[in-house]
2 protein chains.
Amino acid sequence: MRTVLVILFDEVQSLDVTGPVEVFNGAELYRPGTYRIRTASLDGGPVRTSSGLTLVPDHSLADAPAPHTLLVPGGTGTRHPDPRLAAWLREHGPRAERLVSVCTGALLLAEAGLLDGRRATSHWSVCEKLARDYPAVEVDPDPIYIRDGRLATTAGVTSGIDLALALVEEDVGRETALSIARHLVVFLRRPGNQAQFSAQLVAQTAQREPLREVQQWISEHPGEDLSV
Amino acid sequence: MRTVLVILFDEVQSLDVTGPVEVFNGAELYRPGTYRIRTASLDGGPVRTSSGLTLVPDHSLADAPAPHTLLVPGGTGTRHPDPRLAAWLREHGPRAERLVSVCTGALLLAEAGLLDGRRATSHWSVCEKLARDYPAVEVDPDPIYIRDGRLATTAGVTSGIDLALALVEEDVGRETALSIARHLVVFLRRPGNQAQFSAQLVAQTAQREPLREVQQWISEHPGEDLSV
């Protein structure tokens with residue numbers, strides 16, 4: 001049983017939390033007893049997400065269980081982190097068997113010195129800031145996630161789902177990861193080196209309806225012979 | 001300013017809530033004043049999601065603001081709904097300008113009689129139950145979402161993000177919807193008639209790494225000439 005501890009703070013991005021949580025929780029549907037998911041905020045009090053939802057954590061950081069996987073989500077709250085949170089991460093981050101940031105959560109790991117000398121990514125909108133403010137971090141703004149030993153950092157928001165599926169595949173197996181992806185009606189399990197700026201999304205800027213229909217057909221028939 | 005009211009209940013699926021909420025909230029980044037997002041539970045008390053997160057609603061149903069868009073998420077809690085929730089939906093559903101269910105939230109709308117004589121979809125795992133228990137509903141288990149007048153129903157979980165992006169495109173415009181998709185690092189904006197069982201995902205069952213790499217390359221280069 002692996003304990004996944006998710007850190008909550010004011011102005012957290014709610015999808016950065018629920019995406020990975022639902023993937024790990026999904027593993028419980030197919031392989032019960034795999035993960036124990038817990039949340040914690042600095043003082044154990046409720047936090048307000050950047051979209052206005054209020055989340056109540058299970059623990060304060062002081063009484064949180066020792067995590068196998070320590071997961072730090074992003075959100076505008078990462079811009080001006082509480083120094084006590086950075087201090088807690090500096091102390092407890094190195095002890096976790098796996099250290100994960102989703103989206104701009106990388107700023108918190110960097111502030112705690114946990115990305116020094118490591119390859120890391122973050123949401124495309126903050127990668128420049130991450131590289132500038134923390135020059136010891138080797139920032140790569142392109143991939144949707146990067147694994148560097150026990151460290152995993154992801155691009156923005158929904159890429160937390162992709163990384164979590166990859167971790168479940170590693171921990172439990174490919175079939176379980178695929179079952180979860182189907183359960184969540186995920187379109188595609190993106191590999192880590194997939195570009196943050198999706199070519200599919202760019203192609204969808206096409207204004208003309210017939211062209212969009214062809215693009216959709218292609219995306220639905222990946223194995224088709226498209227020779228003309 | 002459109003009020004989006006999201007109904008919360010115990011055993012709600014947290015991604016069904018946060019996916020659409022973050023899309024509507026994302027519109028605030030690019031076009032402030034577009035949406036006002038509120039949450040409500042039956043008695044205004046906290047709810048526990050199926051993955052164990054605790055959410056605190058803004059309102060009880062009795063004091064919730066009249067919604068432009070009434071959004072009912074899914075989750076295992078839809079299997080045995082509180083009769084008072086169904087009664088509230090029966091009374092207030094017809095008044096909303098737009099009625100949306102995400103995932104198995106369709107079961108709640110059906111229980112309230114709001115899907116009678118309408119085309120609707122839901123998570124693939126409950127479409128059979130939906131058709132059997134509510135024969136007046138015209139269930140289509142294939143598409144990831146269905147629009148039928150002021151009613152919109154979606155397939156499972158992440159398809160709530162796709163529908164919300166489509167609604168934002170309608171309300172605010174294509175550029176804003178695309179900006180939000182980029183901000184959330186969504187791979188692809190799926191149109192409603194995209195199949196729930198993603199061909200891309202099925203293709204990813206390929207065990208051999210080289211084949212997966214080719215599939216990835218194809219998905220990243222949708223405009224490429226693939227003739228041999």
# chains A, B, ... in the order shown; residues from 1 in each chain; ligands from 1
$ residues_around --residues "B:Ala64" --least-positions-apart "2" --cutoff "9 Å" --atoms "only C-alpha atoms" --output "ChimeraX atom specification"
/B:5,38-40,58-62,66-67
$ write_last_selection --atoms "C-alpha atoms" --output "mmCIF file, in the first residue's frame"
data_model
loop_
_atom_site.group_PDB
_atom_site.id
_atom_site.type_symbol
_atom_site.label_atom_id
_atom_site.label_comp_id
_atom_site.auth_asym_id
_atom_site.auth_seq_id
_atom_site.Cartn_x
_atom_site.Cartn_y
_atom_site.Cartn_z
ATOM 1 C CA LEU B 5 -24.387 26.276 -10.424
ATOM 2 C CA ARG B 38 -21.194 28.540 -7.482
ATOM 3 C CA THR B 39 -21.562 25.172 -5.788
ATOM 4 C CA ALA B 40 -24.434 23.891 -3.677
ATOM 5 C CA ASP B 58 -20.977 27.787 -1.317
ATOM 6 C CA HIS B 59 -24.693 27.284 -0.685
ATOM 7 C CA SER B 60 -27.479 24.949 0.283
ATOM 8 C CA LEU B 61 -29.899 24.212 -2.559
ATOM 9 C CA ALA B 62 -32.469 26.357 -0.772
ATOM 10 C CA ALA B 66 -30.867 30.900 -9.869
ATOM 11 C CA PRO B 67 -28.519 29.334 -12.431
#
$ select_by_dssp --residues "stretch 6-200 of chain B" --states "strand (DSSP E)" --output "MDAnalysis selection string"
chainID B and resid 6:8 35:41 47:48 54:56 59:60 69:72 98:101 119:120 138:139 145:148 151:154
$ write_last_selection --atoms "N, CA and C atoms" --output "JSON list (two decimals), in the first residue's frame"
[["chain", "number", "residue", "atom", "x", "y", "z"],
["B", 6, "VAL", "N", -23.11, 24.36, -9.71],
["B", 6, "VAL", "CA", -22.67, 22.96, -9.72],
["B", 6, "VAL", "C", -23.23, 22.27, -8.47],
["B", 7, "ILE", "N", -23.94, 21.17, -8.69],
["B", 7, "ILE", "CA", -24.57, 20.45, -7.58],
["B", 7, "ILE", "C", -23.58, 19.46, -6.98],
["B", 8, "LEU", "N", -23.38, 19.53, -5.67],
["B", 8, "LEU", "CA", -22.48, 18.61, -4.97],
["B", 8, "LEU", "C", -23.28, 17.64, -4.10],
["B", 35, "TYR", "N", -18.42, 34.37, -16.37],
["B", 35, "TYR", "CA", -19.14, 33.36, -15.58],
["B", 35, "TYR", "C", -18.98, 33.62, -14.09],
["B", 36, "ARG", "N", -20.02, 33.27, -13.35],
["B", 36, "ARG", "CA", -19.97, 33.25, -11.89],
["B", 36, "ARG", "C", -20.23, 31.81, -11.49],
["B", 37, "ILE", "N", -19.24, 31.17, -10.88],
["B", 37, "ILE", "CA", -19.36, 29.74, -10.57],
["B", 37, "ILE", "C", -19.72, 29.56, -9.10],
["B", 38, "ARG", "N", -20.78, 28.80, -8.86],
["B", 38, "ARG", "CA", -21.19, 28.54, -7.48],
["B", 38, "ARG", "C", -21.47, 27.05, -7.31],
["B", 39, "THR", "N", -21.27, 26.57, -6.09],
["B", 39, "THR", "CA", -21.56, 25.17, -5.79],
["B", 39, "THR", "C", -22.62, 25.11, -4.69],
["B", 40, "ALA", "N", -23.40, 24.05, -4.71],
["B", 40, "ALA", "CA", -24.43, 23.89, -3.68],
["B", 40, "ALA", "C", -24.65, 22.41, -3.37],
["B", 41, "SER", "N", -24.83, 22.10, -2.10],
["B", 41, "SER", "CA", -25.27, 20.76, -1.72],
["B", 41, "SER", "C", -26.65, 20.87, -1.10],
["B", 47, "VAL", "N", -19.34, 17.81, 1.36],
["B", 47, "VAL", "CA", -19.58, 16.49, 0.77],
["B", 47, "VAL", "C", -18.24, 15.79, 0.64],
["B", 48, "ARG", "N", -18.30, 14.47, 0.66],
["B", 48, "ARG", "CA", -17.10, 13.66, 0.49],
["B", 48, "ARG", "C", -17.14, 13.04, -0.90],
["B", 54, "THR", "N", -12.76, 16.15, 0.45],
["B", 54, "THR", "CA", -13.92, 16.83, 1.03],
["B", 54, "THR", "C", -14.07, 18.22, 0.41],
["B", 55, "LEU", "N", -15.26, 18.47, -0.15],
["B", 55, "LEU", "CA", -15.56, 19.76, -0.78],
["B", 55, "LEU", "C", -16.61, 20.49, 0.04],
["B", 56, "VAL", "N", -16.38, 21.79, 0.24],
["B", 56, "VAL", "CA", -17.36, 22.60, 0.98],
["B", 56, "VAL", "C", -18.12, 23.46, -0.03],
["B", 59, "HIS", "N", -23.29, 27.09, -1.06],
["B", 59, "HIS", "CA", -24.69, 27.28, -0.69],
["B", 59, "HIS", "C", -25.37, 25.96, -0.36],
["B", 60, "SER", "N", -26.53, 26.06, 0.30],
["B", 60, "SER", "CA", -27.48, 24.95, 0.28],
["B", 60, "SER", "C", -28.35, 25.14, -0.96],
["B", 69, "THR", "N", -26.64, 28.18, -16.04],
["B", 69, "THR", "CA", -26.25, 26.81, -16.38],
["B", 69, "THR", "C", -26.28, 25.96, -15.12],
["B", 70, "LEU", "N", -27.16, 24.97, -15.10],
["B", 70, "LEU", "CA", -27.24, 24.06, -13.96],
["B", 70, "LEU", "C", -26.46, 22.80, -14.32],
["B", 71, "LEU", "N", -25.41, 22.51, -13.55],
["B", 71, "LEU", "CA", -24.49, 21.42, -13.89],
["B", 71, "LEU", "C", -24.55, 20.33, -12.83],
["B", 72, "VAL", "N", -24.89, 19.12, -13.27],
["B", 72, "VAL", "CA", -25.00, 17.99, -12.35],
["B", 72, "VAL", "C", -23.90, 16.98, -12.67],
["B", 98, "ARG", "N", -29.74, 26.52, -19.24],
["B", 98, "ARG", "CA", -28.97, 25.41, -19.79],
["B", 98, "ARG", "C", -28.84, 24.35, -18.72],
["B", 99, "LEU", "N", -29.08, 23.11, -19.10],
["B", 99, "LEU", "CA", -29.08, 22.00, -18.17],
["B", 99, "LEU", "C", -28.01, 21.02, -18.62],
["B", 100, "VAL", "N", -27.04, 20.75, -17.74],
["B", 100, "VAL", "CA", -25.88, 19.94, -18.13],
["B", 100, "VAL", "C", -25.70, 18.81, -17.13],
["B", 101, "SER", "N", -25.51, 17.58, -17.65],
["B", 101, "SER", "CA", -25.02, 16.52, -16.77],
["B", 101, "SER", "C", -23.67, 16.07, -17.28],
["B", 119, "ARG", "N", -32.70, 13.16, -26.24],
["B", 119, "ARG", "CA", -31.50, 12.38, -26.55],
["B", 119, "ARG", "C", -30.45, 12.68, -25.49],
["B", 120, "ALA", "N", -29.84, 11.62, -24.96],
["B", 120, "ALA", "CA", -28.87, 11.81, -23.87],
["B", 120, "ALA", "C", -27.81, 10.72, -23.90],
["B", 138, "GLU", "N", -34.04, 8.69, -24.71],
["B", 138, "GLU", "CA", -33.41, 8.15, -25.91],
["B", 138, "GLU", "C", -31.89, 8.14, -25.69],
["B", 139, "VAL", "N", -31.38, 7.01, -25.22],
["B", 139, "VAL", "CA", -29.97, 6.94, -24.82],
["B", 139, "VAL", "C", -29.08, 6.58, -26.01],
["B", 145, "TYR", "N", -20.32, 13.67, -25.98],
["B", 145, "TYR", "CA", -21.41, 14.49, -25.42],
["B", 145, "TYR", "C", -22.51, 14.68, -26.44],
["B", 146, "ILE", "N", -23.69, 15.00, -25.95],
["B", 146, "ILE", "CA", -24.85, 15.23, -26.82],
["B", 146, "ILE", "C", -25.49, 16.55, -26.42],
["B", 147, "ARG", "N", -25.74, 17.39, -27.41],
["B", 147, "ARG", "CA", -26.54, 18.59, -27.19],
["B", 147, "ARG", "C", -27.94, 18.32, -27.72],
["B", 148, "ASP", "N", -28.95, 18.61, -26.93],
["B", 148, "ASP", "CA", -30.32, 18.49, -27.39],
["B", 148, "ASP", "C", -31.06, 19.73, -26.88],
["B", 151, "LEU", "N", -30.43, 21.19, -23.34],
["B", 151, "LEU", "CA", -29.88, 20.08, -22.57],
["B", 151, "LEU", "C", -28.54, 19.62, -23.16],
["B", 152, "ALA", "N", -27.57, 19.38, -22.28],
["B", 152, "ALA", "CA", -26.31, 18.77, -22.71],
["B", 152, "ALA", "C", -25.95, 17.67, -21.73],
["B", 153, "THR", "N", -25.64, 16.48, -22.27],
["B", 153, "THR", "CA", -25.22, 15.36, -21.41],
["B", 153, "THR", "C", -23.89, 14.87, -21.93],
["B", 154, "THR", "N", -23.01, 14.45, -21.01],
["B", 154, "THR", "CA", -21.69, 14.00, -21.45],
["B", 154, "THR", "C", -21.43, 12.56, -21.03]]
$ closest_residue --among "A:Leu85, A:Ala166, A:Cys127, A:Val21" --to "A:Asp43" --atoms "only C-alpha atoms"
A:Leu85
$ atom_distance --atom1 "atom CA of A:Met1" --atom2 "atom CA of A:Gly26"
14.3 Å
$ atom_distance --atom1 "atom CA of A:Leu167" --atom2 "atom CA of A:Val137"
22.9 Å
$ closest_residue --among "A:Val168, A:Leu115, A:Ala181, A:Val12" --to "A:Cys103" --atoms "only C-alpha atoms"
A:Val12
$ closest_residue --among "A:Thr104, A:Thr158, A:Thr121, A:Thr76" --to "B:Thr18" --atoms "only C-alpha atoms"
A:Thr158
